[in-house]
$ cat start.pdb   # PDB, N, CA and C atoms
ATOM      1  N   MET X  43      97.952  91.263  69.160  1.00  0.00           N
ATOM      2  CA  MET X  43      97.566  90.691  70.446  1.00  0.00           C
ATOM      3  C   MET X  43      97.947  89.216  70.502  1.00  0.00           C
ATOM      4  N   PHE X  44      97.785  88.513  69.414  1.00  0.00           N
ATOM      5  CA  PHE X  44      98.116  87.096  69.381  1.00  0.00           C
ATOM      6  C   PHE X  44      99.608  86.874  69.619  1.00  0.00           C
ATOM      7  N   GLN X  45     100.435  87.785  69.142  1.00  0.00           N
ATOM      8  CA  GLN X  45     101.884  87.634  69.308  1.00  0.00           C
ATOM      9  C   GLN X  45     102.282  87.734  70.783  1.00  0.00           C
ATOM     10  N   ILE X  46     101.629  88.632  71.514  1.00  0.00           N
ATOM     11  CA  ILE X  46     101.958  88.792  72.931  1.00  0.00           C
ATOM     12  C   ILE X  46     101.561  87.542  73.711  1.00  0.00           C
ATOM     13  N   SER X  47     100.350  87.035  73.478  1.00  0.00           N
ATOM     14  CA  SER X  47      99.918  85.844  74.199  1.00  0.00           C
ATOM     15  C   SER X  47     100.762  84.635  73.813  1.00  0.00           C
ATOM     16  N   SER X  48     101.164  84.573  72.558  1.00  0.00           N
ATOM     17  CA  SER X  48     102.023  83.484  72.116  1.00  0.00           C
ATOM     18  C   SER X  48     103.386  83.577  72.797  1.00  0.00           C
ATOM     19  N   LEU X  49     103.902  84.787  72.946  1.00  0.00           N
ATOM     20  CA  LEU X  49     105.185  84.981  73.615  1.00  0.00           C
ATOM     21  C   LEU X  49     105.103  84.560  75.078  1.00  0.00           C
ATOM     22  N   LEU X  50     104.008  84.918  75.751  1.00  0.00           N
ATOM     23  CA  LEU X  50     103.851  84.542  77.151  1.00  0.00           C
ATOM     24  C   LEU X  50     103.738  83.032  77.322  1.00  0.00           C
ATOM     25  N   LEU X  51     103.074  82.374  76.397  1.00  0.00           N
ATOM     26  CA  LEU X  51     102.913  80.926  76.500  1.00  0.00           C
ATOM     27  C   LEU X  51     104.217  80.188  76.227  1.00  0.00           C
ATOM     28  N   THR X  52     105.054  80.733  75.373  1.00  0.00           N
ATOM     29  CA  THR X  52     106.307  80.056  75.033  1.00  0.00           C
ATOM     30  C   THR X  52     107.458  80.468  75.940  1.00  0.00           C
ATOM     31  N   ALA X  53     107.221  81.372  76.890  1.00  0.00           N
ATOM     32  CA  ALA X  53     108.299  81.826  77.765  1.00  0.00           C
ATOM     33  C   ALA X  53     108.640  80.795  78.832  1.00  0.00           C
ATOM     34  N   ASN X  54     107.807  79.803  79.003  1.00  0.00           N
ATOM     35  CA  ASN X  54     108.044  78.700  79.939  1.00  0.00           C
ATOM     36  C   ASN X  54     108.201  79.164  81.388  1.00  0.00           C
ATOM     37  N   PHE X  55     107.302  80.034  81.835  1.00  0.00           N
ATOM     38  CA  PHE X  55     107.274  80.396  83.243  1.00  0.00           C
ATOM     39  C   PHE X  55     106.673  79.240  84.013  1.00  0.00           C
ATOM     40  N   SER X  56     107.305  78.859  85.093  1.00  0.00           N
ATOM     41  CA  SER X  56     106.776  77.751  85.873  1.00  0.00           C
ATOM     42  C   SER X  56     105.697  78.256  86.828  1.00  0.00           C
ATOM     43  N   ALA X  57     104.894  77.342  87.287  1.00  0.00           N
ATOM     44  CA  ALA X  57     103.837  77.690  88.236  1.00  0.00           C
ATOM     45  C   ALA X  57     104.440  78.167  89.552  1.00  0.00           C
ATOM     46  N   GLU X  58     105.606  77.634  89.896  1.00  0.00           N
ATOM     47  CA  GLU X  58     106.258  78.045  91.143  1.00  0.00           C
ATOM     48  C   GLU X  58     106.690  79.511  91.087  1.00  0.00           C
ATOM     49  N   VAL X  59     107.211  79.932  89.955  1.00  0.00           N
ATOM     50  CA  VAL X  59     107.625  81.329  89.801  1.00  0.00           C
ATOM     51  C   VAL X  59     106.405  82.238  89.876  1.00  0.00           C
ATOM     52  N   SER X  60     105.338  81.861  89.220  1.00  0.00           N
ATOM     53  CA  SER X  60     104.118  82.664  89.258  1.00  0.00           C
ATOM     54  C   SER X  60     103.546  82.719  90.670  1.00  0.00           C
ATOM     55  N   ASN X  61     103.560  81.620  91.365  1.00  0.00           N
ATOM     56  CA  ASN X  61     103.044  81.570  92.734  1.00  0.00           C
ATOM     57  C   ASN X  61     103.885  82.449  93.658  1.00  0.00           C
ATOM     58  N   ASN X  62     105.196  82.367  93.546  1.00  0.00           N
ATOM     59  CA  ASN X  62     106.070  83.191  94.379  1.00  0.00           C
ATOM     60  C   ASN X  62     105.859  84.677  94.098  1.00  0.00           C
ATOM     61  N   SER X  63     105.634  85.012  92.856  1.00  0.00           N
ATOM     62  CA  SER X  63     105.384  86.404  92.498  1.00  0.00           C
ATOM     63  C   SER X  63     104.073  86.890  93.109  1.00  0.00           C
ATOM     64  N   ALA X  64     103.056  86.078  93.053  1.00  0.00           N
ATOM     65  CA  ALA X  64     101.757  86.454  93.625  1.00  0.00           C
ATOM     66  C   ALA X  64     101.852  86.605  95.139  1.00  0.00           C
ATOM     67  N   VAL X  65     102.570  85.706  95.798  1.00  0.00           N
ATOM     68  CA  VAL X  65     102.740  85.795  97.246  1.00  0.00           C
ATOM     69  C   VAL X  65     103.514  87.058  97.609  1.00  0.00           C
ATOM     70  N   GLY X  66     104.527  87.387  96.831  1.00  0.00           N
ATOM     71  CA  GLY X  66     105.287  88.611  97.071  1.00  0.00           C
ATOM     72  C   GLY X  66     104.446  89.856  96.904  1.00  0.00           C
ATOM     73  N   MET X  67     103.585  89.865  95.909  1.00  0.00           N
ATOM     74  CA  MET X  67     102.716  91.011  95.668  1.00  0.00           C
ATOM     75  C   MET X  67     101.735  91.190  96.833  1.00  0.00           C
ATOM     76  N   ILE X  68     101.128  90.108  97.274  1.00  0.00           N
ATOM     77  CA  ILE X  68     100.200  90.187  98.403  1.00  0.00           C
ATOM     78  C   ILE X  68     100.933  90.620  99.664  1.00  0.00           C
ATOM     79  N   GLY X  69     102.131  90.114  99.850  1.00  0.00           N
ATOM     80  CA  GLY X  69     102.935  90.520 101.000  1.00  0.00           C
ATOM     81  C   GLY X  69     103.261  92.001 100.980  1.00  0.00           C
ATOM     82  N   SER X  70     103.531  92.543  99.803  1.00  0.00           N
ATOM     83  CA  SER X  70     103.829  93.972  99.714  1.00  0.00           C
ATOM     84  C   SER X  70     102.589  94.806 100.004  1.00  0.00           C
ATOM     85  N   PHE X  71     101.412  94.341  99.623  1.00  0.00           N
ATOM     86  CA  PHE X  71     100.177  95.044  99.951  1.00  0.00           C
ATOM     87  C   PHE X  71      99.956  95.063 101.467  1.00  0.00           C
ATOM     88  N   ILE X  72     100.199  93.935 102.104  1.00  0.00           N
ATOM     89  CA  ILE X  72     100.026  93.856 103.553  1.00  0.00           C
ATOM     90  C   ILE X  72     101.043  94.746 104.260  1.00  0.00           C
ATOM     91  N   ALA X  73     102.278  94.741 103.790  1.00  0.00           N
ATOM     92  CA  ALA X  73     103.309  95.588 104.393  1.00  0.00           C
ATOM     93  C   ALA X  73     102.964  97.062 104.233  1.00  0.00           C
ATOM     94  N   ALA X  74     102.460  97.442 103.066  1.00  0.00           N
ATOM     95  CA  ALA X  74     102.069  98.836 102.850  1.00  0.00           C
ATOM     96  C   ALA X  74     100.931  99.220 103.794  1.00  0.00           C
ATOM     97  N   ALA X  75      99.994  98.318 103.993  1.00  0.00           N
ATOM     98  CA  ALA X  75      98.886  98.603 104.914  1.00  0.00           C
ATOM     99  C   ALA X  75      99.405  98.786 106.335  1.00  0.00           C
ATOM    100  N   LEU X  76     100.332  97.940 106.748  1.00  0.00           N
ATOM    101  CA  LEU X  76     100.848  98.032 108.105  1.00  0.00           C
ATOM    102  C   LEU X  76     101.711  99.268 108.306  1.00  0.00           C
ATOM    103  N   LEU X  77     102.473  99.645 107.296  1.00  0.00           N
ATOM    104  CA  LEU X  77     103.409 100.759 107.439  1.00  0.00           C
ATOM    105  C   LEU X  77     102.783 102.121 107.181  1.00  0.00           C
ATOM    106  N   ILE X  78     101.743 102.184 106.365  1.00  0.00           N
ATOM    107  CA  ILE X  78     101.198 103.479 105.956  1.00  0.00           C
ATOM    108  C   ILE X  78      99.757 103.658 106.417  1.00  0.00           C
ATOM    109  N   VAL X  79      98.891 102.757 106.066  1.00  0.00           N
ATOM    110  CA  VAL X  79      97.459 102.947 106.286  1.00  0.00           C
ATOM    111  C   VAL X  79      97.093 102.881 107.764  1.00  0.00           C
ATOM    112  N   VAL X  80      97.582 101.908 108.482  1.00  0.00           N
ATOM    113  CA  VAL X  80      97.216 101.746 109.885  1.00  0.00           C
ATOM    114  C   VAL X  80      97.695 102.923 110.741  1.00  0.00           C
ATOM    115  N   PRO X  81      98.971 103.349 110.653  1.00  0.00           N
ATOM    116  CA  PRO X  81      99.373 104.513 111.453  1.00  0.00           C
ATOM    117  C   PRO X  81      98.642 105.801 111.056  1.00  0.00           C
ATOM    118  N   ALA X  82      98.415 106.003 109.761  1.00  0.00           N
ATOM    119  CA  ALA X  82      97.698 107.206 109.326  1.00  0.00           C
ATOM    120  C   ALA X  82      96.273 107.201 109.856  1.00  0.00           C
ATOM    121  N   THR X  83      95.609 106.070 109.833  1.00  0.00           N
ATOM    122  CA  THR X  83      94.248 105.966 110.354  1.00  0.00           C
ATOM    123  C   THR X  83      94.215 106.234 111.852  1.00  0.00           C
ATOM    124  N   ALA X  84      95.160 105.658 112.587  1.00  0.00           N
ATOM    125  CA  ALA X  84      95.208 105.875 114.029  1.00  0.00           C
ATOM    126  C   ALA X  84      95.447 107.348 114.345  1.00  0.00           C
ATOM    127  N   PHE X  85      96.342 107.992 113.606  1.00  0.00           N
ATOM    128  CA  PHE X  85      96.618 109.411 113.834  1.00  0.00           C
ATOM    129  C   PHE X  85      95.385 110.263 113.546  1.00  0.00           C
ATOM    130  N   LEU X  86      94.697 109.993 112.448  1.00  0.00           N
ATOM    131  CA  LEU X  86      93.508 110.779 112.110  1.00  0.00           C
ATOM    132  C   LEU X  86      92.384 110.582 113.127  1.00  0.00           C
ATOM    133  N   ILE X  87      92.215 109.372 113.620  1.00  0.00           N
ATOM    134  CA  ILE X  87      91.200 109.131 114.647  1.00  0.00           C
ATOM    135  C   ILE X  87      91.565 109.879 115.922  1.00  0.00           C
ATOM    136  N   TYR X  88      92.843 109.853 116.307  1.00  0.00           N
ATOM    137  CA  TYR X  88      93.301 110.569 117.499  1.00  0.00           C
ATOM    138  C   TYR X  88      93.041 112.069 117.373  1.00  0.00           C
ATOM    139  N   VAL X  89      93.404 112.661 116.239  1.00  0.00           N
ATOM    140  CA  VAL X  89      93.202 114.100 116.035  1.00  0.00           C
ATOM    141  C   VAL X  89      91.716 114.438 116.047  1.00  0.00           C
ATOM    142  N   SER X  90      90.913 113.603 115.429  1.00  0.00           N
ATOM    143  CA  SER X  90      89.480 113.850 115.380  1.00  0.00           C
ATOM    144  C   SER X  90      88.855 113.799 116.777  1.00  0.00           C
ATOM    145  N   GLN X  91      89.242 112.801 117.554  1.00  0.00           N
ATOM    146  CA  GLN X  91      88.695 112.675 118.904  1.00  0.00           C
ATOM    147  C   GLN X  91      89.163 113.823 119.798  1.00  0.00           C
ATOM    148  N   LYS X  92      90.413 114.222 119.657  1.00  0.00           N
ATOM    149  CA  LYS X  92      90.938 115.333 120.453  1.00  0.00           C
ATOM    150  C   LYS X  92      90.205 116.623 120.108  1.00  0.00           C
ATOM    151  N   ASP X  93      89.964 116.857 118.824  1.00  0.00           N
ATOM    152  CA  ASP X  93      89.240 118.051 118.389  1.00  0.00           C
ATOM    153  C   ASP X  93      87.808 118.035 118.929  1.00  0.00           C
ATOM    154  N   SER X  94      87.185 116.881 118.888  1.00  0.00           N
ATOM    155  CA  SER X  94      85.821 116.765 119.398  1.00  0.00           C
ATOM    156  C   SER X  94      85.768 117.063 120.898  1.00  0.00           C
ATOM    157  N   LEU X  95      86.729 116.554 121.641  1.00  0.00           N
ATOM    158  CA  LEU X  95      86.771 116.828 123.081  1.00  0.00           C
ATOM    159  C   LEU X  95      87.035 118.302 123.351  1.00  0.00           C
ATOM    160  N   ASP X  96      87.916 118.929 122.569  1.00  0.00           N
ATOM    161  CA  ASP X  96      88.213 120.347 122.742  1.00  0.00           C
ATOM    162  C   ASP X  96      86.975 121.202 122.475  1.00  0.00           C
ATOM    163  N   ARG X  97      86.223 120.860 121.415  1.00  0.00           N
ATOM    164  CA  ARG X  97      85.016 121.636 121.105  1.00  0.00           C
ATOM    165  C   ARG X  97      83.942 121.424 122.162  1.00  0.00           C
ATOM    166  N   THR X  98      83.832 120.210 122.680  1.00  0.00           N
ATOM    167  CA  THR X  98      82.837 119.932 123.716  1.00  0.00           C
ATOM    168  C   THR X  98      83.144 120.699 124.996  1.00  0.00           C
ATOM    169  N   SER X  99      84.417 120.693 125.404  1.00  0.00           N
ATOM    170  CA  SER X  99      84.782 121.395 126.636  1.00  0.00           C
ATOM    171  C   SER X  99      84.707 122.916 126.453  1.00  0.00           C
ATOM    172  N   ALA X 100      84.954 123.424 125.268  1.00  0.00           N
ATOM    173  CA  ALA X 100      84.841 124.867 125.022  1.00  0.00           C
ATOM    174  C   ALA X 100      83.378 125.308 125.026  1.00  0.00           C
ATOM    175  N   GLY X 101      82.477 124.433 124.638  1.00  0.00           N
ATOM    176  CA  GLY X 101      81.053 124.766 124.621  1.00  0.00           C
ATOM    177  C   GLY X 101      80.451 124.810 126.010  1.00  0.00           C
ATOM    178  N   ARG X 102      81.066 124.157 126.962  1.00  0.00           N
ATOM    179  CA  ARG X 102      80.549 124.134 128.335  1.00  0.00           C
ATOM    180  C   ARG X 102      80.967 125.361 129.132  1.00  0.00           C
ATOM    181  N   ARG X 103      81.932 126.117 128.660  1.00  0.00           N
ATOM    182  CA  ARG X 103      82.431 127.276 129.419  1.00  0.00           C
ATOM    183  C   ARG X 103      81.477 128.409 129.394  1.00  0.00           C
TER     184      ARG X 103
END
$ encode --input "start.pdb" --output "structure tokens"
Amino acid sequence: MFQISSLLLTANFSAEVSNNSAVGMIGSFIAAALLIVVPATAFLIYVSQKDSLDRTSAGRR
């Protein structure tokens, strides 16, 4: 374990590189949410509401 931490400390990564990597990671999380989670949630809510309306109108007949 000491060898790995020693290797990371001597690799001379700058704070700017680490910061850019963190910003990129957060950006990819946001992009995934916008491209996958938000449309899937909207579709599931739409289907659920449509099903609820269909069952309500069928019960009134």
$ atom_distance --input "start.pdb" --atom1 "atom C of Ser63 (chain X)" --atom2 "atom N of Leu76 (chain X)"
17.9 Å
$ atom_distance --input "start.pdb" --atom1 "atom C of Ala75 (chain X)" --atom2 "atom N of Ile87 (chain X)"
14.7 Å
$ atom_distance --input "start.pdb" --atom1 "atom N of Leu77 (chain X)" --atom2 "CA of Lys92 (chain X)"
23.5 Å
